[in-house]
Every structure is written in C-alpha cells, then in structure tokens.
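Listing of model.cif; format and content: mmCIF, C-alpha atoms.
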data_protein
#
loop_
_atom_site.group_PDB
_atom_site.id
_atom_site.type_symbol
_atom_site.label_atom_id
_atom_site.label_comp_id
_atom_site.auth_asym_id
_atom_site.auth_seq_id
_atom_site.Cartn_x
_atom_site.Cartn_y
_atom_site.Cartn_z
ATOM 1 C CA MET Q 397 78.401 3.664 -46.964
ATOM 2 C CA ARG Q 398 77.465 7.338 -46.983
ATOM 3 C CA LEU Q 399 78.774 9.719 -49.572
ATOM 4 C CA ARG Q 400 80.888 12.517 -48.290
ATOM 5 C CA HIS Q 401 79.157 15.847 -48.868
ATOM 6 C CA ILE Q 402 81.190 18.572 -50.520
ATOM 7 C CA PRO Q 403 79.695 21.981 -49.664
ATOM 8 C CA THR Q 404 78.666 23.670 -52.901
ATOM 9 C CA GLY Q 405 78.783 27.175 -51.501
ATOM 10 C CA ALA Q 406 82.450 27.115 -50.554
ATOM 11 C CA THR Q 407 85.079 28.401 -52.940
ATOM 12 C CA ALA Q 408 88.777 27.985 -52.462
ATOM 13 C CA THR Q 409 91.090 30.911 -53.145
ATOM 14 C CA PRO Q 410 94.412 29.635 -54.492
ATOM 15 C CA ALA Q 411 97.638 31.218 -53.426
ATOM 16 C CA ALA Q 412 98.985 33.755 -55.867
ATOM 17 C CA ARG Q 413 101.564 32.410 -58.312
ATOM 18 C CA PRO Q 414 104.349 34.453 -59.840
ATOM 19 C CA ARG Q 415 103.729 35.273 -63.501
ATOM 20 C CA GLY Q 416 105.033 32.553 -65.784
ATOM 21 C CA GLN Q 417 104.698 29.751 -63.219
ATOM 22 C CA GLY Q 418 102.024 27.086 -62.793
ATOM 23 C CA LEU Q 419 98.991 26.729 -65.009
ATOM 24 C CA SER Q 420 98.249 29.200 -67.757
ATOM 25 C CA GLY Q 421 95.113 31.339 -67.430
ATOM 26 C CA ARG Q 422 93.365 29.286 -70.122
ATOM 27 C CA ARG Q 423 94.216 25.987 -68.426
ATOM 28 C CA ARG Q 424 93.056 27.337 -65.064
ATOM 29 C CA ARG Q 425 89.720 28.305 -66.597
ATOM 30 C CA LEU Q 426 89.339 24.861 -68.185
ATOM 31 C CA LEU Q 427 90.232 23.143 -64.904
ATOM 32 C CA ARG Q 428 87.798 25.310 -62.985
ATOM 33 C CA GLY Q 429 85.043 24.475 -65.470
ATOM 34 C CA SER Q 430 85.769 20.764 -65.086
ATOM 35 C CA VAL Q 431 85.669 21.015 -61.298
ATOM 36 C CA LEU Q 432 82.355 22.856 -61.389
ATOM 37 C CA THR Q 433 80.912 20.230 -63.737
ATOM 38 C CA VAL Q 434 82.037 17.378 -61.465
ATOM 39 C CA ALA Q 435 80.656 19.224 -58.436
ATOM 40 C CA ALA Q 436 77.317 19.621 -60.171
ATOM 41 C CA LEU Q 437 77.233 15.939 -61.057
ATOM 42 C CA LEU Q 438 78.055 15.007 -57.478
ATOM 43 C CA GLY Q 439 75.261 17.276 -56.383
ATOM 44 C CA THR Q 440 72.917 15.469 -58.752
ATOM 45 C CA LEU Q 441 73.912 12.056 -57.429
ATOM 46 C CA GLY Q 442 73.844 13.244 -53.868
ATOM 47 C CA GLY Q 443 70.422 14.780 -54.268
ATOM 48 C CA ALA Q 444 68.991 11.726 -55.995
ATOM 49 C CA ALA Q 445 70.304 9.464 -53.260
ATOM 50 C CA GLY Q 446 69.215 11.682 -50.399
ATOM 51 C CA TYR Q 447 72.679 12.759 -49.247
ATOM 52 C CA GLY Q 448 74.136 16.159 -48.647
ATOM 53 C CA ALA Q 449 72.338 19.462 -48.780
ATOM 54 C CA ALA Q 450 69.842 18.528 -51.478
ATOM 55 C CA PRO Q 451 66.190 18.281 -50.423
ATOM 56 C CA ALA Q 452 65.212 15.105 -48.638
ATOM 57 C CA LEU Q 453 63.921 12.292 -50.784
ATOM 58 C CA ALA Q 454 60.239 11.785 -50.774
ATOM 59 C CA GLY Q 455 57.552 9.260 -50.253
ATOM 60 C CA PRO Q 456 54.376 8.229 -52.003
ATOM 61 C CA MET Q 457 53.079 10.693 -54.516
ATOM 62 C CA HIS Q 458 50.667 13.432 -53.552
ATOM 63 C CA ALA Q 459 48.886 15.501 -56.179
ATOM 64 C CA ALA Q 460 50.475 18.837 -56.932
ATOM 65 C CA ASP Q 461 48.377 21.966 -56.912
ATOM 66 C CA PRO Q 462 46.322 21.746 -60.151
ATOM 67 C CA ALA Q 463 47.104 25.413 -60.718
ATOM 68 C CA HIS Q 464 50.633 24.327 -61.565
ATOM 69 C CA ALA Q 465 49.486 22.019 -64.342
ATOM 70 C CA ALA Q 466 50.206 22.767 -67.975
ATOM 71 C CA GLY Q 467 48.359 21.419 -70.979
ATOM 72 C CA PRO Q 468 49.868 18.949 -73.439
ATOM 73 C CA ALA Q 469 51.135 21.721 -75.720
ATOM 74 C CA ARG Q 470 54.198 23.183 -73.999
ATOM 75 C CA ALA Q 471 56.861 25.710 -74.893
ATOM 76 C CA ALA Q 472 59.786 24.249 -76.820
ATOM 77 C CA GLY Q 473 62.428 26.055 -74.757
ATOM 78 C CA PRO Q 474 62.919 27.559 -71.286
ATOM 79 C CA ALA Q 475 60.687 30.535 -72.018
ATOM 80 C CA ARG Q 476 57.966 29.248 -69.734
ATOM 81 C CA ALA Q 477 56.501 31.182 -66.851
ATOM 82 C CA ALA Q 478 58.266 30.660 -63.544
ATOM 83 C CA ALA Q 479 56.245 28.188 -61.507
ATOM 84 C CA ALA Q 480 55.625 28.278 -57.809
ATOM 85 C CA ALA Q 481 57.449 25.725 -55.713
ATOM 86 C CA VAL Q 482 56.344 22.176 -56.376
ATOM 87 C CA LYS Q 483 54.036 20.908 -53.680
ATOM 88 C CA PRO Q 484 55.823 18.205 -51.650
ATOM 89 C CA ALA Q 485 54.690 14.620 -51.647
ATOM 90 C CA VAL Q 486 52.802 13.488 -48.572
ATOM 91 C CA ARG Q 487 53.538 10.250 -46.799
ATOM 92 C CA VAL Q 488 50.832 7.598 -46.899
ATOM 93 C CA ALA Q 489 50.279 5.947 -43.534
ATOM 94 C CA GLY Q 490 51.939 2.558 -43.268
ATOM 95 C CA GLU Q 491 54.293 3.116 -46.203
ATOM 96 C CA PRO Q 492 57.964 4.119 -46.116
ATOM 97 C CA ASN Q 493 58.740 7.788 -45.852
ATOM 98 C CA PHE Q 494 61.253 8.598 -48.583
ATOM 99 C CA GLY Q 495 61.006 12.333 -48.038
ATOM 100 C CA SER Q 496 59.325 15.135 -49.934
ATOM 101 C CA ASN Q 497 60.791 14.901 -53.439
ATOM 102 C CA VAL Q 498 60.268 11.312 -54.570
ATOM 103 C CA TYR Q 499 56.909 10.772 -56.242
ATOM 104 C CA VAL Q 500 55.635 7.211 -56.569
ATOM 105 C CA PHE Q 501 52.763 6.916 -59.024
ATOM 106 C CA THR Q 502 50.328 4.020 -59.296
ATOM 107 C CA PRO Q 503 47.962 3.101 -62.160
ATOM 108 C CA SER Q 504 44.999 3.545 -59.821
ATOM 109 C CA MET Q 505 45.681 7.264 -59.378
ATOM 110 C CA PRO Q 506 43.603 9.667 -61.476
ATOM 111 C CA GLN Q 507 45.586 10.556 -64.560
ATOM 112 C CA SER Q 508 44.740 14.209 -64.060
ATOM 113 C CA GLN Q 509 46.514 14.043 -60.711
ATOM 114 C CA ILE Q 510 49.616 12.446 -62.232
ATOM 115 C CA GLN Q 511 49.621 14.924 -65.119
ATOM 116 C CA ALA Q 512 49.334 17.927 -62.814
ATOM 117 C CA THR Q 513 52.234 16.691 -60.692
ATOM 118 C CA VAL Q 514 54.676 15.940 -63.503
ATOM 119 C CA ASP Q 515 53.779 19.195 -65.259
ATOM 120 C CA SER Q 516 54.423 21.238 -62.129
ATOM 121 C CA ILE Q 517 57.845 19.615 -61.719
ATOM 122 C CA ALA Q 518 58.703 20.214 -65.382
ATOM 123 C CA SER Q 519 57.651 23.855 -65.124
ATOM 124 C CA GLN Q 520 60.211 24.303 -62.371
ATOM 125 C CA GLN Q 521 63.005 22.085 -63.672
ATOM 126 C CA VAL Q 522 63.177 22.640 -67.434
ATOM 127 C CA SER Q 523 65.333 25.755 -66.990
ATOM 128 C CA ASN Q 524 66.610 25.033 -63.463
ATOM 129 C CA GLN Q 525 70.171 24.148 -64.475
ATOM 130 C CA LEU Q 526 71.859 25.444 -61.316
ATOM 131 C CA GLY Q 527 69.092 24.680 -58.842
ATOM 132 C CA THR Q 528 69.296 22.350 -55.845
ATOM 133 C CA GLN Q 529 65.975 20.537 -56.391
ATOM 134 C CA ARG Q 530 66.074 16.817 -57.225
ATOM 135 C CA TYR Q 531 63.043 14.786 -58.344
ATOM 136 C CA PRO Q 532 62.969 11.002 -58.712
ATOM 137 C CA LEU Q 533 59.660 10.049 -60.353
ATOM 138 C CA ARG Q 534 58.764 6.370 -59.945
ATOM 139 C CA LEU Q 535 55.957 4.418 -61.584
ATOM 140 C CA GLU Q 536 54.610 1.208 -60.101
ATOM 141 C CA PRO Q 537 53.807 -1.634 -62.522
ATOM 142 C CA GLY Q 538 50.795 -1.058 -64.734
ATOM 143 C CA THR Q 539 49.607 1.057 -67.653
ATOM 144 C CA TYR Q 540 49.495 4.852 -67.683
ATOM 145 C CA GLY Q 541 47.562 6.825 -70.246
ATOM 146 C CA SER Q 542 45.628 5.518 -73.235
ATOM 147 C CA SER Q 543 45.268 6.197 -76.934
ATOM 148 C CA ALA Q 544 42.314 8.456 -76.136
ATOM 149 C CA GLN Q 545 43.969 10.178 -73.175
ATOM 150 C CA PRO Q 546 47.766 9.783 -73.393
ATOM 151 C CA LEU Q 547 50.184 10.714 -70.643
ATOM 152 C CA ASN Q 548 52.761 13.095 -72.105
ATOM 153 C CA PHE Q 549 55.229 15.003 -69.970
ATOM 154 C CA GLN Q 550 58.520 16.822 -70.211
ATOM 155 C CA VAL Q 551 61.664 15.968 -68.235
ATOM 156 C CA GLY Q 552 63.843 18.816 -66.978
ATOM 157 C CA TYR Q 553 67.054 19.062 -65.001
ATOM 158 C CA TYR Q 554 67.709 16.702 -62.071
ATOM 159 C CA THR Q 555 64.665 14.557 -62.819
ATOM 160 C CA ALA Q 556 64.956 10.768 -62.970
ATOM 161 C CA VAL Q 557 61.977 8.846 -64.375
ATOM 162 C CA ALA Q 558 61.941 5.072 -63.797
ATOM 163 C CA GLY Q 559 59.551 2.147 -63.760
ATOM 164 C CA LEU Q 560 59.494 -0.061 -60.665
ATOM 165 C CA GLY Q 561 58.729 -3.339 -62.425
ATOM 166 C CA LEU Q 562 61.047 -6.298 -62.815
ATOM 167 C CA ASN Q 563 61.139 -5.761 -66.588
ATOM 168 C CA PRO Q 564 60.617 -2.687 -68.794
ATOM 169 C CA GLY Q 565 57.330 -4.153 -70.050
ATOM 170 C CA ASP Q 566 55.872 -4.063 -66.536
ATOM 171 C CA VAL Q 567 55.361 -0.295 -66.772
ATOM 172 C CA VAL Q 568 53.712 0.977 -69.959
ATOM 173 C CA ILE Q 569 53.159 4.636 -70.803
ATOM 174 C CA ASN Q 570 50.787 5.414 -73.647
ATOM 175 C CA GLY Q 571 52.113 8.839 -74.503
ATOM 176 C CA SER Q 572 55.659 10.185 -74.299
ATOM 177 C CA VAL Q 573 58.356 11.269 -71.861
ATOM 178 C CA TYR Q 574 60.197 13.973 -73.692
ATOM 179 C CA VAL Q 575 62.922 16.606 -73.781
ATOM 180 C CA ARG Q 576 62.985 19.756 -75.907
ATOM 181 C CA ASN Q 577 65.575 22.253 -77.101
ATOM 182 C CA GLN Q 578 66.287 25.257 -74.913
ATOM 183 C CA CYS Q 579 66.355 28.650 -76.589
ATOM 184 C CA PHE Q 580 68.757 31.470 -75.753
ATOM 185 C CA SER Q 581 68.944 34.701 -77.760
ATOM 186 C CA GLY Q 582 66.949 33.124 -80.557
ATOM 187 C CA SER Q 583 69.170 30.022 -80.806
ATOM 188 C CA CYS Q 584 67.470 26.763 -79.855
ATOM 189 C CA THR Q 585 69.661 23.735 -79.117
ATOM 190 C CA ALA Q 586 69.968 20.712 -76.838
ATOM 191 C CA LEU Q 587 73.563 21.511 -75.881
ATOM 192 C CA VAL Q 588 72.760 22.109 -72.208
ATOM 193 C CA ASN Q 589 70.156 19.382 -71.734
ATOM 194 C CA PHE Q 590 72.123 17.567 -69.012
ATOM 195 C CA TRP Q 591 71.325 15.691 -65.794
ATOM 196 C CA ARG Q 592 68.132 13.711 -66.304
ATOM 197 C CA SER Q 593 67.382 10.046 -66.979
ATOM 198 C CA LEU Q 594 64.780 7.564 -68.203
ATOM 199 C CA SER Q 595 64.809 3.868 -67.337
ATOM 200 C CA ASN Q 596 62.991 0.558 -67.009
ATOM 201 C CA LEU Q 597 59.711 1.191 -68.794
ATOM 202 C CA THR Q 598 57.918 0.941 -72.134
ATOM 203 C CA ILE Q 599 56.671 3.933 -74.111
ATOM 204 C CA LYS Q 600 53.959 3.390 -76.697
ATOM 205 C CA VAL Q 601 54.341 6.678 -78.509
ATOM 206 C CA THR Q 602 51.028 8.543 -78.607
ATOM 207 C CA THR Q 603 51.305 12.274 -79.258
ATOM 208 C CA PRO Q 604 48.157 13.545 -80.978
ATOM 209 C CA GLY Q 605 48.072 17.265 -81.608
ATOM 210 C CA PHE Q 606 51.812 17.708 -81.047
ATOM 211 C CA GLY Q 607 52.468 18.819 -84.631
ATOM 212 C CA CYS Q 608 56.202 18.910 -85.349
ATOM 213 C CA TYR Q 609 56.825 17.350 -81.942
ATOM 214 C CA ASN Q 610 55.004 14.143 -82.823
ATOM 215 C CA GLY Q 611 57.039 11.218 -81.454
ATOM 216 C CA GLU Q 612 59.353 10.390 -78.575
ATOM 217 C CA PHE Q 613 61.849 13.285 -78.389
ATOM 218 C CA TRP Q 614 65.058 12.682 -76.389
ATOM 219 C CA PRO Q 615 67.492 15.413 -77.541
ATOM 220 C CA VAL Q 616 70.046 15.533 -74.743
ATOM 221 C CA SER Q 617 73.723 16.306 -74.346
ATOM 222 C CA GLN Q 618 75.495 14.050 -71.863
ATOM 223 C CA ALA Q 619 74.704 12.947 -68.305
ATOM 224 C CA ALA Q 620 71.204 12.040 -69.515
ATOM 225 C CA PRO Q 621 71.106 8.252 -69.971
ATOM 226 C CA MET Q 622 68.313 6.083 -71.275
ATOM 227 C CA ARG Q 623 68.516 2.506 -69.921
ATOM 228 C CA ARG Q 624 66.215 -0.506 -70.232
ATOM 229 C CA VAL Q 625 63.593 1.395 -72.232
ATOM 230 C CA ARG Q 626 61.424 0.048 -75.019
ATOM 231 C CA VAL Q 627 60.033 2.631 -77.442
ATOM 232 C CA ASP Q 628 57.215 1.538 -79.712
ATOM 233 C CA GLY Q 629 56.912 4.283 -82.312
ATOM 234 C CA PHE Q 630 58.865 7.134 -83.839
ATOM 235 C CA ALA Q 631 61.821 8.424 -81.800
ATOM 236 C CA THR Q 632 64.387 11.167 -82.290
ATOM 237 C CA LEU Q 633 67.584 12.188 -80.508
ATOM 238 C CA MET Q 634 67.417 15.620 -82.140
ATOM 239 C CA ASP Q 635 64.809 18.335 -81.670
ATOM 240 C CA TYR Q 636 64.531 19.549 -85.255
ATOM 241 C CA CYS Q 637 61.455 21.703 -84.586
ATOM 242 C CA THR Q 638 63.491 24.741 -83.510
ATOM 243 C CA GLY Q 639 66.895 25.680 -84.887
ATOM 244 C CA PRO Q 640 69.770 25.365 -85.180
ATOM 245 C CA SER Q 641 68.992 22.149 -83.245
ATOM 246 C CA TYR Q 642 72.529 21.200 -82.200
ATOM 247 C CA ALA Q 643 72.896 18.316 -79.737
ATOM 248 C CA SER Q 644 76.026 16.741 -78.337
ATOM 249 C CA GLY Q 645 76.192 13.338 -76.792
ATOM 250 C CA GLY Q 646 74.257 10.799 -74.814
ATOM 251 C CA PHE Q 647 73.964 7.173 -73.810
ATOM 252 C CA ILE Q 648 71.442 4.413 -74.505
ATOM 253 C CA ALA Q 649 71.827 0.893 -73.116
ATOM 254 C CA ASP Q 650 69.782 -2.306 -73.019
ATOM 255 C CA SER Q 651 66.902 -0.745 -74.925
ATOM 256 C CA GLU Q 652 64.657 -1.561 -77.876
ATOM 257 C CA PHE Q 653 63.143 0.671 -80.540
ATOM 258 C CA ASP Q 654 60.296 -1.079 -82.309
ATOM 259 C CA HIS Q 655 58.380 -0.139 -85.465
ATOM 260 C CA SER Q 656 60.392 3.012 -85.713
ATOM 261 C CA VAL Q 657 63.035 5.050 -87.410
ATOM 262 C CA VAL Q 658 65.342 6.613 -84.828
ATOM 263 C CA VAL Q 659 66.570 10.028 -85.935
ATOM 264 C CA ASN Q 660 70.176 10.733 -84.985
ATOM 265 C CA GLY Q 661 70.290 14.059 -86.811
ATOM 266 C CA SER Q 662 72.681 16.576 -85.282
ATOM 267 C CA GLN Q 663 73.828 14.271 -82.477
ATOM 268 C CA GLN Q 664 77.503 13.546 -81.895
ATOM 269 C CA GLN Q 665 79.525 11.742 -79.197
ATOM 270 C CA TRP Q 666 76.666 9.308 -78.652
ATOM 271 C CA VAL Q 667 77.233 5.814 -77.257
ATOM 272 C CA THR Q 668 74.702 3.028 -77.783
ATOM 273 C CA ARG Q 669 75.192 -0.327 -76.045
ATOM 274 C CA ASN Q 670 73.255 -3.605 -76.292
ATOM 275 C CA THR Q 671 70.347 -1.950 -78.020
ATOM 276 C CA SER Q 672 68.117 -3.023 -80.903
ATOM 277 C CA SER Q 673 67.287 -0.838 -83.924
ATOM 278 C CA THR Q 674 68.875 2.401 -82.889
ATOM 279 C CA ARG Q 675 71.839 4.403 -84.070
ATOM 280 C CA GLY Q 676 74.652 6.572 -82.783
ATOM 281 C CA PRO Q 677 78.263 7.370 -83.594
ATOM 282 C CA THR Q 678 79.537 4.589 -81.320
ATOM 283 C CA ALA Q 679 77.737 1.266 -80.934
ATOM 284 C CA CYS Q 680 78.596 -1.800 -78.865
ATOM 285 C CA GLY Q 681 76.549 -4.946 -79.289
ATOM 286 C CA THR Q 682 73.912 -2.969 -81.159
ATOM 287 C CA ARG Q 683 71.767 -4.646 -83.786
ATOM 288 C CA CYS Q 684 70.341 -3.118 -86.986
ATOM 289 C CA SER Q 685 72.696 -0.172 -87.026
ATOM 290 C CA PRO Q 686 76.349 0.047 -88.152
ATOM 291 C CA ALA Q 687 76.031 -1.355 -91.677
ATOM 292 C CA SER Q 688 73.330 1.179 -92.478
ATOM 293 C CA TRP Q 689 75.185 4.215 -91.181
ATOM 294 C CA ALA Q 690 76.722 6.365 -93.873
ATOM 295 C CA HIS Q 691 78.741 8.459 -91.435
ATOM 296 C CA PRO Q 692 82.537 8.416 -91.716
ATOM 297 C CA HIS Q 693 83.042 8.994 -87.993
ATOM 298 C CA SER Q 694 80.808 6.253 -86.631
ATOM 299 C CA ALA Q 695 82.336 3.208 -84.950
ATOM 300 C CA SER Q 696 80.958 -0.117 -83.829
ATOM 301 C CA ARG Q 697 81.783 -3.304 -81.974
ATOM 302 C CA ALA Q 698 79.912 -6.529 -82.684
ATOM 303 C CA ALA Q 699 79.613 -7.460 -79.027
ATOM 304 C CA THR Q 700 79.961 -5.890 -75.624
ATOM 305 C CA SER Q 701 82.370 -7.337 -73.104
ATOM 306 C CA THR Q 702 80.928 -8.477 -69.777
ATOM 307 C CA ARG Q 703 80.252 -5.451 -67.646
ATOM 308 C CA ARG Q 704 78.248 -4.422 -64.633
ATOM 309 C CA SER Q 705 75.815 -1.553 -65.097
ATOM 310 C CA ARG Q 706 73.956 0.508 -62.550
ATOM 311 C CA PRO Q 707 70.717 -0.897 -61.090
ATOM 312 C CA ALA Q 708 67.738 -0.180 -63.307
ATOM 313 C CA ARG Q 709 65.561 1.144 -60.504
#
Please go through the file and, once you have read it, give me the structure as structure tokens.
Amino acid sequence: MRLRHIPTGATATPAARPRGQGLSGRRRRLLRGSVLTVAALLGTLGGAAGYGAAPALAGPMHAADPAHAAGPARAAGPARAAAAAVKPAVRVAGEPNFGSNVYVFTPSMPQSQIQATVDSIASQQVSNQLGTQRYPLRLEPGTYGSSAQPLNFQVGYYTAVAGLGLNPGDVVINGSVYVRNQCFSGSCTALVNFWRSLSNLTIKVTTPGFGCYNGEFWPVSQAAPMRRVRVDGFATLMDYCTGPSYASGGFIADSEFDHSVVVNGSQQQWVTRNTSSTRGPTACGTRCSPASWAHPHSASRAATSTRRSRPAR
C-alpha cells in the first residue's frame, strides 16, 4: 500500500467567519500549529519510506567529499558553517538501488570514508529543521571504530541510524552516536531536537578528548525514539554542557544500559518501555528504575501489556 502524498507547499485559505463564531484566534493558532507538526511528521515518514516529494531513497554507501568532513570536536549547537549538499550515494553493480539518500555502511569500508560521510550529513541536518532531505543510515553487521580510533558522529534532523543485524549485538560501534543542544540567542536547549532515531545496535561508549561531552548524549524532545539499543558506558538524556539545557520528552524501548548511570536531568514527558537500568518519568516493564526515583511526578508499571512495535530495521 502506498501512502497518499499531501503536498507541503499548498495552503488552504478558510472562508471568513463572522466575529464571535467558530474557533477563537488562539484556538485557530493552536490547531494550525498541530496541523503543521503532523504534516512535518508525515513528511518525515514519507521521506524515510521513499514516498512523496522527498528525495529518493538511496543505495549502497558512497564516500562523501572529504572536504565536507568535520573532526571529532564539533559545535554544540547549530552555529556550524553551512555545508554544501551531501554527495549522493552511488549504486554498486549487482546490488539493489535504494536511491540517493540511503547509505549502507560495511565494516570493510575505510573508517575515514564512513566518518566523512556521516559528518557531511550532520553538517547539513543538525539545523535543517524545515528541510526536505531525509537520510537513513544503515550499518551491516560487524564492528565500527575501536578504542584507539572510535567512530563518533552527530545525528541531526530527519536522520535514522539503524543496525541491519538480527540482534542489537550484531552491530557494534566503538564510539558514540550523539545529539547536542541547539543554541538560539544565547540559550542552548534540546527543545527542538525532533525527528531522528537510533535503533538495533550496540554502542560501546568511547569519547576521548570530548571534555564535558564525554559519554553517549541523547538529549531529544519527542519524535526521536531509541529502540533495541544497548549502551555500554555513561549515557545522558540531557546536554548539561550548555545552558539552560532544557529538554522535553522522548521514548526508549527494548534497550539496555550497562555499567552506567543514565542522567535524566532536565527531561520531562519521557516514556521508557521494556528497558534495563534506565530512567524516565514514565516506565513500563523497566527494571532498576522506579524505586530509586525521587521524583514526585514519575510513574511506573511493573509489566508491559502485549503490544506490537515497529520493525527494528
């Protein structure tokens, strides 16, 4: 079944209403904001699935222009130089052609090539909240990075990172896959870190030289799920390195956090399901959490009812 595409450029002009009838101005503004948010989410889903006006999905990964690459120390917010367009992936003969925006990485690829590609995408997407670009990044089973040369990269808007193994342990990243606050007028928060995801892989946290940003940072605010992920090392759902560091909501399911404290910090409206050793204001079937929370607004359920989740890959 194909999704019906809703043109994003079209705007409807409602018929004029006599004063005092219909929705109030405030309610109209709230409704319009909700519609725009839903439209953006549909655009995200449509782009990720290859439907609608979003760029075509892509095939096997091709190295981005090394000139686009950034080093491991990156700006905390969106104040990064505007990058040139990301170089499209190139189809490998004999393999499926998924289009120009899906990058499939393999452990046999030079790490410098992988790093340059993910950095070029991040440079474009970290502040690209209203853009039309969509980037699924897929990793075939194997190990990426090492303790001596970790693979660390940032995830921006409309970027979905996922391992292609049967289990999360089939894809191991020695490094981090991280999100940072965005800064506007001197205020740095995670309140607009929407529309990105991380799934079906293991992260062995290795962030030498990252200073305050040492660890696995996932400060997001809604529509940014983490599913079937194992984190071995320190993790935080709040970016406390730049202030005031507000964050508002997220979702973790079927994940494990080993040998780690998970910092909840400024987060609110967070849901954690079937996850070991993590924390959040609402937990379902989550071990090692509710009894230790000293927050009056947290809630928990001992077990999760049977439910069907989205495919991990």
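Between atom CA of Q:Ala489 and atom CA of Q:Gly541 there is a distance of 26.9 Å.
If you look at atom CA of Q:Thr638 and atom CA of Q:Ala512, they are 26.0 Å away from each other.
Of the listed residues (Q:Pro537, Q:Gly571, Q:Gly629, Q:Pro640), Q:Gly571 comes nearest to Q:Phe606; the distances count all atoms listed in the file.
Atom CA of Q:Thr603 lies 9.8 Å from atom CA of Q:Gln545.
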Margin query: Ranking Q:Leu562, Q:Leu547, Q:Met634, Q:Val625 by minimum distance to Q:Asn589 and counting all atoms listed in the file, which one comes first?
Written below: Q:Met634
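Counting all atoms listed in the file and comparing Q:Ser504, Q:Ser543, Q:Gln550, Q:Asn497, the residue that lies closest to Q:Tyr531 is Q:Asn497.
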Note to self: For the provided coordinates, the residues matched by the PyMOL selection byres ((chain Q and resi 586) around 8) should be stated as a PyMOL selection string.
What the structure shows: chain Q and resi 576-578+584-585+587-589+615-617+634-635+641-644
Kindly export the residues of the current selection with C-alpha atoms, as an mmCIF file, keeping the file's coordinate frame.
data_model
loop_
_atom_site.group_PDB
_atom_site.id
_atom_site.type_symbol
_atom_site.label_atom_id
_atom_site.label_comp_id
_atom_site.auth_asym_id
_atom_site.auth_seq_id
_atom_site.Cartn_x
_atom_site.Cartn_y
_atom_site.Cartn_z
ATOM 1 C CA ARG Q 576 62.985 19.756 -75.907
ATOM 2 C CA ASN Q 577 65.575 22.253 -77.101
ATOM 3 C CA GLN Q 578 66.287 25.257 -74.913
ATOM 4 C CA CYS Q 584 67.470 26.763 -79.855
ATOM 5 C CA THR Q 585 69.661 23.735 -79.117
ATOM 6 C CA LEU Q 587 73.563 21.511 -75.881
ATOM 7 C CA VAL Q 588 72.760 22.109 -72.208
ATOM 8 C CA ASN Q 589 70.156 19.382 -71.734
ATOM 9 C CA PRO Q 615 67.492 15.413 -77.541
ATOM 10 C CA VAL Q 616 70.046 15.533 -74.743
ATOM 11 C CA SER Q 617 73.723 16.306 -74.346
ATOM 12 C CA MET Q 634 67.417 15.620 -82.140
ATOM 13 C CA ASP Q 635 64.809 18.335 -81.670
ATOM 14 C CA SER Q 641 68.992 22.149 -83.245
ATOM 15 C CA TYR Q 642 72.529 21.200 -82.200
ATOM 16 C CA ALA Q 643 72.896 18.316 -79.737
ATOM 17 C CA SER Q 644 76.026 16.741 -78.337
#
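Shortest atom-to-atom contact with Q:Ser519 among Q:Thr555, Q:Ser651, Q:Asn660, Q:Ser581: Q:Thr555, counting only C-alpha atoms.
Minimum atom-to-atom distance to Q:Ile648, evaluated using all atoms listed in the file, belongs to Q:Ser595 out of Q:Ser662, Q:Ser595, Q:Ser516, Q:Ser523.
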Next item on the list: Determine the nearest neighbour of Q:Thr598 from the options Q:Gly495, Q:Gly552, Q:Gly565, Q:Gly645, counting only C-alpha atoms.
Entry: Q:Gly565
